[in-house]
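Next comes upload-v5.txt, a file with compact mmCIF, N, CA and C atoms and all ligand atoms.
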```
# COMPACT_ATOMS: atom_id res chain seq x y z
N MET I 156 -32.98 -9.21 54.39
CA MET I 156 -32.23 -9.08 53.13
C MET I 156 -30.75 -9.42 53.38
N SER I 157 -30.22 -10.25 52.58
CA SER I 157 -28.81 -10.57 52.71
C SER I 157 -28.02 -9.65 51.79
N SER I 158 -26.88 -9.28 52.30
CA SER I 158 -26.07 -8.38 51.48
C SER I 158 -25.51 -9.14 50.27
N THR I 159 -25.76 -8.60 49.10
CA THR I 159 -25.26 -9.28 47.89
C THR I 159 -23.90 -8.72 47.49
N THR I 160 -23.14 -9.60 46.93
CA THR I 160 -21.84 -9.13 46.43
C THR I 160 -22.06 -8.36 45.14
N GLU I 161 -21.20 -7.45 44.88
CA GLU I 161 -21.36 -6.66 43.65
C GLU I 161 -21.18 -7.53 42.41
N PRO I 162 -22.09 -7.39 41.46
CA PRO I 162 -21.89 -8.14 40.21
C PRO I 162 -20.67 -7.58 39.47
N PRO I 163 -20.01 -8.40 38.72
CA PRO I 163 -18.85 -7.89 37.96
C PRO I 163 -19.29 -6.82 36.97
N PRO I 164 -18.57 -5.77 36.90
CA PRO I 164 -18.97 -4.70 35.98
C PRO I 164 -18.97 -5.20 34.53
N PRO I 165 -20.00 -4.83 33.79
CA PRO I 165 -20.12 -5.34 32.41
C PRO I 165 -19.02 -4.84 31.49
N TYR I 166 -18.35 -3.76 31.88
CA TYR I 166 -17.32 -3.21 30.99
C TYR I 166 -15.93 -3.75 31.30
N LYS I 167 -15.90 -4.83 32.07
CA LYS I 167 -14.60 -5.38 32.42
C LYS I 167 -13.85 -5.89 31.18
N ILE I 168 -14.66 -6.40 30.23
CA ILE I 168 -14.05 -6.92 29.00
C ILE I 168 -13.36 -5.79 28.24
N ASP I 169 -14.01 -4.63 28.25
CA ASP I 169 -13.42 -3.48 27.57
C ASP I 169 -12.06 -3.13 28.18
N GLU I 170 -12.02 -3.22 29.51
CA GLU I 170 -10.76 -2.91 30.17
C GLU I 170 -9.65 -3.85 29.72
N VAL I 171 -10.01 -5.13 29.64
CA VAL I 171 -9.02 -6.13 29.21
C VAL I 171 -8.55 -5.84 27.80
N GLU I 172 -9.49 -5.47 26.93
CA GLU I 172 -9.11 -5.19 25.54
C GLU I 172 -8.19 -3.99 25.44
N SER I 173 -8.55 -2.93 26.21
CA SER I 173 -7.72 -1.73 26.15
C SER I 173 -6.34 -2.00 26.74
N ASN I 174 -6.30 -2.86 27.77
CA ASN I 174 -5.01 -3.23 28.34
C ASN I 174 -4.18 -3.99 27.32
N ALA I 175 -4.86 -4.84 26.55
CA ALA I 175 -4.14 -5.65 25.57
C ALA I 175 -3.50 -4.76 24.50
N THR I 176 -4.25 -3.74 24.07
CA THR I 176 -3.69 -2.86 23.04
C THR I 176 -2.57 -2.00 23.62
N ASP I 177 -2.75 -1.61 24.90
CA ASP I 177 -1.73 -0.77 25.52
C ASP I 177 -0.43 -1.54 25.75
N SER I 178 -0.57 -2.85 26.00
CA SER I 178 0.61 -3.61 26.36
C SER I 178 1.46 -3.96 25.14
N SER I 179 0.95 -3.66 23.94
CA SER I 179 1.75 -3.95 22.74
C SER I 179 1.97 -2.66 21.96
N PRO I 180 2.95 -1.87 22.37
CA PRO I 180 3.20 -0.59 21.69
C PRO I 180 3.74 -0.78 20.27
N GLN I 181 4.22 -1.99 19.97
CA GLN I 181 4.76 -2.20 18.62
C GLN I 181 3.67 -2.44 17.59
N ASN I 182 2.43 -2.51 18.07
CA ASN I 182 1.32 -2.76 17.16
C ASN I 182 0.96 -1.47 16.41
N ASP I 183 1.80 -1.08 15.50
CA ASP I 183 1.58 0.12 14.70
C ASP I 183 0.74 -0.25 13.49
N SER I 184 -0.43 0.36 13.40
CA SER I 184 -1.35 -0.04 12.34
C SER I 184 -0.77 0.27 10.96
N ARG I 185 -0.03 1.36 10.86
CA ARG I 185 0.54 1.70 9.54
C ARG I 185 1.59 0.69 9.12
N TYR I 186 2.36 0.22 10.10
CA TYR I 186 3.38 -0.77 9.80
C TYR I 186 2.73 -2.07 9.33
N VAL I 187 1.65 -2.45 10.02
CA VAL I 187 0.94 -3.67 9.65
C VAL I 187 0.36 -3.53 8.25
N MET I 188 -0.21 -2.34 7.97
CA MET I 188 -0.81 -2.14 6.65
C MET I 188 0.23 -2.24 5.55
N SER I 189 1.38 -1.65 5.77
CA SER I 189 2.39 -1.66 4.72
C SER I 189 2.91 -3.08 4.50
N ARG I 190 2.93 -3.88 5.57
CA ARG I 190 3.39 -5.25 5.40
C ARG I 190 2.35 -6.09 4.68
N ALA I 191 1.07 -5.84 4.98
CA ALA I 191 0.01 -6.62 4.34
C ALA I 191 -0.16 -6.18 2.89
N SER I 192 0.29 -4.98 2.55
CA SER I 192 0.19 -4.44 1.20
C SER I 192 -1.22 -4.52 0.64
N PRO I 193 -2.12 -3.68 1.13
CA PRO I 193 -3.50 -3.70 0.63
C PRO I 193 -3.62 -2.99 -0.72
N TYR I 194 -2.53 -2.39 -1.18
CA TYR I 194 -2.60 -1.57 -2.38
C TYR I 194 -2.61 -2.44 -3.62
N ASN I 195 -3.39 -1.99 -4.57
CA ASN I 195 -3.57 -2.74 -5.80
C ASN I 195 -3.42 -1.78 -6.97
N THR I 196 -3.78 -2.24 -8.15
CA THR I 196 -3.71 -1.36 -9.31
C THR I 196 -4.90 -0.42 -9.37
N ALA I 197 -5.94 -0.74 -8.60
CA ALA I 197 -7.14 0.09 -8.60
C ALA I 197 -7.16 0.98 -7.36
N PRO I 198 -7.83 2.15 -7.44
CA PRO I 198 -7.95 3.00 -6.26
C PRO I 198 -8.67 2.25 -5.14
N ILE I 199 -8.25 2.47 -3.92
CA ILE I 199 -8.89 1.80 -2.79
C ILE I 199 -9.49 2.83 -1.85
N GLU I 200 -10.53 2.40 -1.15
CA GLU I 200 -11.20 3.25 -0.18
C GLU I 200 -10.56 3.03 1.17
N MET I 201 -10.13 4.09 1.82
CA MET I 201 -9.40 3.94 3.08
C MET I 201 -9.44 5.23 3.88
N ASP I 202 -8.94 5.15 5.11
CA ASP I 202 -8.76 6.35 5.91
C ASP I 202 -7.32 6.80 5.77
N CYS I 203 -7.14 8.06 5.37
CA CYS I 203 -5.79 8.57 5.19
C CYS I 203 -5.08 8.64 6.54
N PRO I 204 -3.89 8.04 6.67
CA PRO I 204 -3.17 8.11 7.93
C PRO I 204 -2.59 9.49 8.22
N HIS I 205 -2.56 10.36 7.22
CA HIS I 205 -1.98 11.69 7.41
C HIS I 205 -3.03 12.72 7.83
N CYS I 206 -4.15 12.78 7.09
CA CYS I 206 -5.16 13.80 7.38
C CYS I 206 -6.42 13.19 7.97
N GLN I 207 -6.46 11.87 8.16
CA GLN I 207 -7.57 11.16 8.81
C GLN I 207 -8.87 11.25 8.03
N ASN I 208 -8.84 11.73 6.81
CA ASN I 208 -10.07 11.76 6.01
C ASN I 208 -10.35 10.39 5.43
N HIS I 209 -11.62 10.09 5.24
CA HIS I 209 -11.99 8.86 4.55
C HIS I 209 -11.96 9.16 3.06
N ILE I 210 -11.03 8.55 2.35
CA ILE I 210 -10.78 8.94 0.97
C ILE I 210 -10.73 7.71 0.06
N VAL I 211 -10.85 7.95 -1.23
CA VAL I 211 -10.54 6.94 -2.23
C VAL I 211 -9.21 7.35 -2.84
N SER I 212 -8.24 6.47 -2.75
CA SER I 212 -6.88 6.86 -3.12
C SER I 212 -6.78 7.25 -4.59
N HIS I 213 -5.96 8.22 -4.84
CA HIS I 213 -5.65 8.66 -6.20
C HIS I 213 -4.43 7.86 -6.67
N ILE I 214 -4.55 7.22 -7.83
CA ILE I 214 -3.45 6.37 -8.27
C ILE I 214 -2.63 7.04 -9.36
N GLU I 215 -1.39 6.65 -9.42
CA GLU I 215 -0.44 7.26 -10.34
C GLU I 215 0.50 6.14 -10.80
N HIS I 216 0.63 5.97 -12.11
CA HIS I 216 1.52 4.92 -12.61
C HIS I 216 2.95 5.46 -12.70
N VAL I 217 3.85 4.70 -12.12
CA VAL I 217 5.26 5.10 -12.16
C VAL I 217 6.10 3.91 -12.60
N ALA I 218 7.20 4.18 -13.23
CA ALA I 218 8.08 3.12 -13.68
C ALA I 218 8.84 2.54 -12.51
N GLY I 219 8.64 1.27 -12.27
CA GLY I 219 9.37 0.62 -11.19
C GLY I 219 10.57 -0.12 -11.74
N VAL I 220 10.84 -1.26 -11.17
CA VAL I 220 12.01 -2.03 -11.58
C VAL I 220 11.74 -2.79 -12.87
N LEU I 221 10.52 -3.30 -12.99
CA LEU I 221 10.19 -4.18 -14.12
C LEU I 221 10.40 -3.54 -15.49
N PRO I 222 9.91 -2.30 -15.74
CA PRO I 222 10.16 -1.70 -17.06
C PRO I 222 11.64 -1.54 -17.37
N TRP I 223 12.44 -1.28 -16.35
CA TRP I 223 13.88 -1.11 -16.57
C TRP I 223 14.53 -2.43 -16.96
N ILE I 224 14.04 -3.53 -16.35
CA ILE I 224 14.57 -4.84 -16.71
C ILE I 224 14.25 -5.14 -18.18
N LEU I 225 12.99 -4.91 -18.56
CA LEU I 225 12.58 -5.16 -19.94
C LEU I 225 13.30 -4.21 -20.89
N PHE I 226 13.49 -2.95 -20.44
CA PHE I 226 14.22 -1.98 -21.24
C PHE I 226 15.64 -2.48 -21.51
N SER I 227 16.28 -3.02 -20.49
CA SER I 227 17.65 -3.52 -20.65
C SER I 227 17.69 -4.67 -21.65
N ILE I 228 16.71 -5.57 -21.51
CA ILE I 228 16.67 -6.72 -22.42
C ILE I 228 16.44 -6.26 -23.85
N LEU I 229 15.46 -5.38 -24.03
CA LEU I 229 15.14 -4.90 -25.37
C LEU I 229 16.30 -4.10 -25.95
N ALA I 230 16.95 -3.30 -25.11
CA ALA I 230 18.07 -2.51 -25.58
C ALA I 230 19.21 -3.42 -26.04
N PHE I 231 19.41 -4.47 -25.26
CA PHE I 231 20.46 -5.42 -25.61
C PHE I 231 20.14 -6.11 -26.94
N LEU I 232 18.89 -6.57 -27.06
CA LEU I 232 18.47 -7.25 -28.29
C LEU I 232 18.50 -6.30 -29.49
N GLY I 233 18.09 -5.05 -29.26
CA GLY I 233 17.97 -4.10 -30.37
C GLY I 233 19.31 -3.52 -30.79
N LEU I 234 20.12 -3.13 -29.80
CA LEU I 234 21.34 -2.40 -30.13
C LEU I 234 22.49 -3.33 -30.50
N PHE I 235 22.49 -4.53 -29.92
CA PHE I 235 23.64 -5.40 -30.15
C PHE I 235 23.33 -6.55 -31.08
N LEU I 236 22.09 -7.06 -30.98
CA LEU I 236 21.76 -8.23 -31.79
C LEU I 236 20.82 -7.90 -32.96
N PHE I 237 20.28 -6.67 -32.96
CA PHE I 237 19.38 -6.20 -34.02
C PHE I 237 18.18 -7.13 -34.22
N ILE I 238 17.70 -7.72 -33.13
CA ILE I 238 16.53 -8.59 -33.21
C ILE I 238 15.25 -7.76 -33.20
N VAL I 239 15.21 -6.73 -32.34
CA VAL I 239 14.05 -5.85 -32.31
C VAL I 239 14.52 -4.43 -32.61
N PRO I 240 13.65 -3.62 -33.25
CA PRO I 240 14.03 -2.21 -33.47
C PRO I 240 14.32 -1.52 -32.15
N TRP I 241 15.33 -0.66 -32.10
CA TRP I 241 15.74 -0.05 -30.84
C TRP I 241 14.66 0.83 -30.26
N CYS I 242 13.75 1.31 -31.13
CA CYS I 242 12.71 2.21 -30.61
C CYS I 242 11.69 1.46 -29.75
N PHE I 243 11.72 0.14 -29.79
CA PHE I 243 10.82 -0.64 -28.92
C PHE I 243 11.29 -0.63 -27.47
N CYS I 244 12.49 -0.15 -27.23
CA CYS I 244 13.05 -0.18 -25.88
C CYS I 244 12.18 0.55 -24.87
N CYS I 245 11.56 1.63 -25.33
CA CYS I 245 10.82 2.47 -24.40
C CYS I 245 9.39 1.99 -24.20
N VAL I 246 8.98 0.97 -24.96
CA VAL I 246 7.60 0.50 -24.87
C VAL I 246 7.19 0.09 -23.44
N PRO I 247 8.06 -0.62 -22.70
CA PRO I 247 7.64 -1.03 -21.35
C PRO I 247 7.21 0.14 -20.45
N PHE I 248 7.75 1.32 -20.70
CA PHE I 248 7.41 2.47 -19.85
C PHE I 248 6.01 3.02 -20.14
N PHE I 249 5.40 2.54 -21.24
CA PHE I 249 4.06 3.04 -21.58
C PHE I 249 2.98 1.99 -21.36
N LEU I 250 3.36 0.83 -20.88
CA LEU I 250 2.38 -0.21 -20.59
C LEU I 250 2.02 -0.16 -19.11
N ASP I 251 0.75 0.18 -18.84
CA ASP I 251 0.32 0.27 -17.44
C ASP I 251 0.45 -1.06 -16.72
N GLN I 252 0.35 -2.15 -17.49
CA GLN I 252 0.45 -3.47 -16.86
C GLN I 252 1.83 -3.73 -16.27
N LEU I 253 2.82 -2.99 -16.71
CA LEU I 253 4.18 -3.21 -16.23
C LEU I 253 4.61 -2.19 -15.18
N LEU I 254 3.80 -1.16 -15.02
CA LEU I 254 4.22 -0.07 -14.14
C LEU I 254 3.74 -0.29 -12.71
N ASP I 255 4.51 0.23 -11.76
CA ASP I 255 4.08 0.26 -10.37
C ASP I 255 2.97 1.30 -10.22
N VAL I 256 2.21 1.15 -9.15
CA VAL I 256 1.11 2.08 -8.91
C VAL I 256 1.31 2.76 -7.56
N ASN I 257 1.43 4.08 -7.58
CA ASN I 257 1.50 4.86 -6.34
C ASN I 257 0.11 5.29 -5.93
N HIS I 258 -0.19 5.16 -4.64
CA HIS I 258 -1.47 5.63 -4.12
C HIS I 258 -1.23 6.91 -3.34
N LEU I 259 -1.97 7.96 -3.73
CA LEU I 259 -1.84 9.25 -3.07
C LEU I 259 -3.17 9.66 -2.46
N CYS I 260 -3.10 10.46 -1.41
CA CYS I 260 -4.33 10.98 -0.80
C CYS I 260 -4.80 12.17 -1.63
N PRO I 261 -6.05 12.15 -2.12
CA PRO I 261 -6.54 13.27 -2.93
C PRO I 261 -6.76 14.53 -2.10
N ALA I 262 -6.86 14.38 -0.77
CA ALA I 262 -7.12 15.54 0.09
C ALA I 262 -5.82 16.25 0.46
N CYS I 263 -4.84 15.49 0.98
CA CYS I 263 -3.61 16.14 1.45
C CYS I 263 -2.43 15.87 0.52
N LYS I 264 -2.67 15.13 -0.58
CA LYS I 264 -1.66 14.86 -1.62
C LYS I 264 -0.46 14.08 -1.11
N LYS I 265 -0.60 13.44 0.03
CA LYS I 265 0.54 12.71 0.57
C LYS I 265 0.56 11.28 0.05
N PHE I 266 1.77 10.73 0.03
CA PHE I 266 1.97 9.37 -0.44
C PHE I 266 1.43 8.37 0.58
N LEU I 267 0.62 7.43 0.10
CA LEU I 267 0.00 6.45 1.00
C LEU I 267 0.68 5.09 0.91
N GLY I 268 0.97 4.67 -0.30
CA GLY I 268 1.59 3.36 -0.45
C GLY I 268 1.81 3.05 -1.92
N ARG I 269 2.41 1.91 -2.15
CA ARG I 269 2.80 1.58 -3.52
C ARG I 269 2.52 0.13 -3.82
N PHE I 270 1.98 -0.09 -5.01
CA PHE I 270 1.82 -1.45 -5.49
C PHE I 270 2.98 -1.73 -6.43
N SER I 271 3.77 -2.71 -6.06
CA SER I 271 4.97 -3.00 -6.85
C SER I 271 4.81 -4.29 -7.62
N ARG I 272 5.31 -4.30 -8.84
CA ARG I 272 5.19 -5.49 -9.70
C ARG I 272 6.21 -6.54 -9.35
N VAL I 273 7.30 -6.14 -8.79
CA VAL I 273 8.38 -7.09 -8.55
C VAL I 273 8.39 -7.50 -7.07
ZN ZN H 1 -4.72 12.71 3.47
```
For this file, produce the structure as structure tokens.
Ligand SMILES: [Zn+2]
Amino acid sequence: MSSTTEPPPPYKIDEVESNATDSSPQNDSRYVMSRASPYNTAPIEMDCPHCQNHIVSHIEHVAGVLPWILFSILAFLGLFLFIVPWCFCCVPFFLDQLLDVNHLCPACKKFLGRFSRV
């Protein structure tokens, strides 16, 4: 019998992968997620970064920049030029299509991310 050399361990690839992740400490998954902006107007299914639960995000409509821009325009037209009734100024704040969407965790109530119109 000739002495055989040891076969390469099958988990060597795993070692390389773990080394690759270890060598890049800047690879913060939350940072990547916020840059990719997976948030939409609809609730999304995800793992909460705060409580680690698998949750469907709770959404909340909030006034972002866009309603204020429209409010300014309508206020200007209504109050100074009398083109539209001044009471229309607040309409943008009641249109869900114009509002930003905040995603909250239903389990720990923490803020997850925001879908912005602008
Ligand atoms: Zn949570």
May I ask you to write as a PDB file with N, CA and C atoms, in the frame of the given file all residues lying at most 6.5 Å from ligand ZN 1 (chain H), with only N, CA and C atoms and all ligand atoms counted?
```pdb
ATOM      1  N   CYS I 203      -7.140   8.060   5.370  1.00  0.00           N
ATOM      2  CA  CYS I 203      -5.790   8.570   5.190  1.00  0.00           C
ATOM      3  C   CYS I 203      -5.080   8.640   6.540  1.00  0.00           C
ATOM      4  N   PRO I 204      -3.890   8.040   6.670  1.00  0.00           N
ATOM      5  CA  PRO I 204      -3.170   8.110   7.930  1.00  0.00           C
ATOM      6  C   PRO I 204      -2.590   9.490   8.220  1.00  0.00           C
ATOM      7  N   HIS I 205      -2.560  10.360   7.220  1.00  0.00           N
ATOM      8  CA  HIS I 205      -1.980  11.690   7.410  1.00  0.00           C
ATOM      9  C   HIS I 205      -3.030  12.720   7.830  1.00  0.00           C
ATOM     10  N   CYS I 206      -4.150  12.780   7.090  1.00  0.00           N
ATOM     11  CA  CYS I 206      -5.160  13.800   7.380  1.00  0.00           C
ATOM     12  C   CYS I 206      -6.420  13.190   7.970  1.00  0.00           C
ATOM     13  N   GLN I 207      -6.460  11.870   8.160  1.00  0.00           N
ATOM     14  CA  GLN I 207      -7.570  11.160   8.810  1.00  0.00           C
ATOM     15  C   GLN I 207      -8.870  11.250   8.030  1.00  0.00           C
ATOM     16  N   ASN I 208      -8.840  11.730   6.810  1.00  0.00           N
ATOM     17  CA  ASN I 208     -10.070  11.760   6.010  1.00  0.00           C
ATOM     18  C   ASN I 208     -10.350  10.390   5.430  1.00  0.00           C
ATOM     19  N   CYS I 260      -3.100  10.460  -1.410  1.00  0.00           N
ATOM     20  CA  CYS I 260      -4.330  10.980  -0.800  1.00  0.00           C
ATOM     21  C   CYS I 260      -4.800  12.170  -1.630  1.00  0.00           C
ATOM     22  N   PRO I 261      -6.050  12.150  -2.120  1.00  0.00           N
ATOM     23  CA  PRO I 261      -6.540  13.270  -2.930  1.00  0.00           C
ATOM     24  C   PRO I 261      -6.760  14.530  -2.100  1.00  0.00           C
ATOM     25  N   ALA I 262      -6.860  14.380  -0.770  1.00  0.00           N
ATOM     26  CA  ALA I 262      -7.120  15.540   0.090  1.00  0.00           C
ATOM     27  C   ALA I 262      -5.820  16.250   0.460  1.00  0.00           C
ATOM     28  N   CYS I 263      -4.840  15.490   0.980  1.00  0.00           N
ATOM     29  CA  CYS I 263      -3.610  16.140   1.450  1.00  0.00           C
ATOM     30  C   CYS I 263      -2.430  15.870   0.520  1.00  0.00           C
ATOM     31  N   LYS I 264      -2.670  15.130  -0.580  1.00  0.00           N
ATOM     32  CA  LYS I 264      -1.660  14.860  -1.620  1.00  0.00           C
ATOM     33  C   LYS I 264      -0.460  14.080  -1.110  1.00  0.00           C
ATOM     34  N   LYS I 265      -0.600  13.440   0.030  1.00  0.00           N
ATOM     35  CA  LYS I 265       0.540  12.710   0.570  1.00  0.00           C
ATOM     36  C   LYS I 265       0.560  11.280   0.050  1.00  0.00           C
TER      37      LYS I 265
END
```
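Between atom CA of I:Ile214 and atom CA of I:Met201 there is a distance of 13.0 Å.
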Separation of atom N of I:Leu229 from atom N of I:Ser271 in Å: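 Interatomic distance here is 21.6 Å.
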Tell me, in Å to one decimal, how far atom CA of I:Val246 is from atom N of I:Thr196.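 Taking atom CA of I:Val246 as the start and atom N of I:Thr196 as the end point, the length is 20.4 Å.
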Expected answer as a PDB file with N, CA and C atoms, in the coordinates of the input: alpha helix (DSSP H) residues in stretch 227-266 of chain I:
```
ATOM      1  N   SER I 227      16.280  -3.020 -20.490  1.00  0.00           N
ATOM      2  CA  SER I 227      17.650  -3.520 -20.650  1.00  0.00           C
ATOM      3  C   SER I 227      17.690  -4.670 -21.650  1.00  0.00           C
ATOM      4  N   ILE I 228      16.710  -5.570 -21.510  1.00  0.00           N
ATOM      5  CA  ILE I 228      16.670  -6.720 -22.420  1.00  0.00           C
ATOM      6  C   ILE I 228      16.440  -6.260 -23.850  1.00  0.00           C
ATOM      7  N   LEU I 229      15.460  -5.380 -24.030  1.00  0.00           N
ATOM      8  CA  LEU I 229      15.140  -4.900 -25.370  1.00  0.00           C
ATOM      9  C   LEU I 229      16.300  -4.100 -25.950  1.00  0.00           C
ATOM     10  N   ALA I 230      16.950  -3.300 -25.110  1.00  0.00           N
ATOM     11  CA  ALA I 230      18.070  -2.510 -25.580  1.00  0.00           C
ATOM     12  C   ALA I 230      19.210  -3.420 -26.040  1.00  0.00           C
ATOM     13  N   PHE I 231      19.410  -4.470 -25.260  1.00  0.00           N
ATOM     14  CA  PHE I 231      20.460  -5.420 -25.610  1.00  0.00           C
ATOM     15  C   PHE I 231      20.140  -6.110 -26.940  1.00  0.00           C
ATOM     16  N   LEU I 232      18.890  -6.570 -27.060  1.00  0.00           N
ATOM     17  CA  LEU I 232      18.470  -7.250 -28.290  1.00  0.00           C
ATOM     18  C   LEU I 232      18.500  -6.300 -29.490  1.00  0.00           C
ATOM     19  N   GLY I 233      18.090  -5.050 -29.260  1.00  0.00           N
ATOM     20  CA  GLY I 233      17.970  -4.100 -30.370  1.00  0.00           C
ATOM     21  C   GLY I 233      19.310  -3.520 -30.790  1.00  0.00           C
ATOM     22  N   LEU I 234      20.120  -3.130 -29.800  1.00  0.00           N
ATOM     23  CA  LEU I 234      21.340  -2.400 -30.130  1.00  0.00           C
ATOM     24  C   LEU I 234      22.490  -3.330 -30.500  1.00  0.00           C
TER      25      LEU I 234
END
```
Rank I:Phe248, I:Ser192, I:Ile199, I:Val273 by their smallest atom-to-atom distance to I:Val217, using only C-alpha atoms, and report the top residue only.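 For I:Val217, the nearest of the given residues is I:Phe248.
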Would you kindly return, as a ChimeraX atom specification, each protein, DNA or RNA residue with an atom no farther than 8 Å from any atom of I:Ala197, considering only N, CA and C atoms and excluding same-chain residues fewer than 6 positions away? /I:212-214,256
With all atoms listed in the file as the atoms that count, which of I:Leu254, I:Pro247, I:Ile238, I:Val211 lies nearest to I:Phe226?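 So, comparing all the options, the nearest one is I:Pro247.
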Could you check which of I:Leu267, I:Pro222, I:Phe235, I:Ser227 is closest to I:Phe249, using all atoms listed in the file?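 Residue with the minimum atom-to-atom distance to I:Phe249: I:Pro222.
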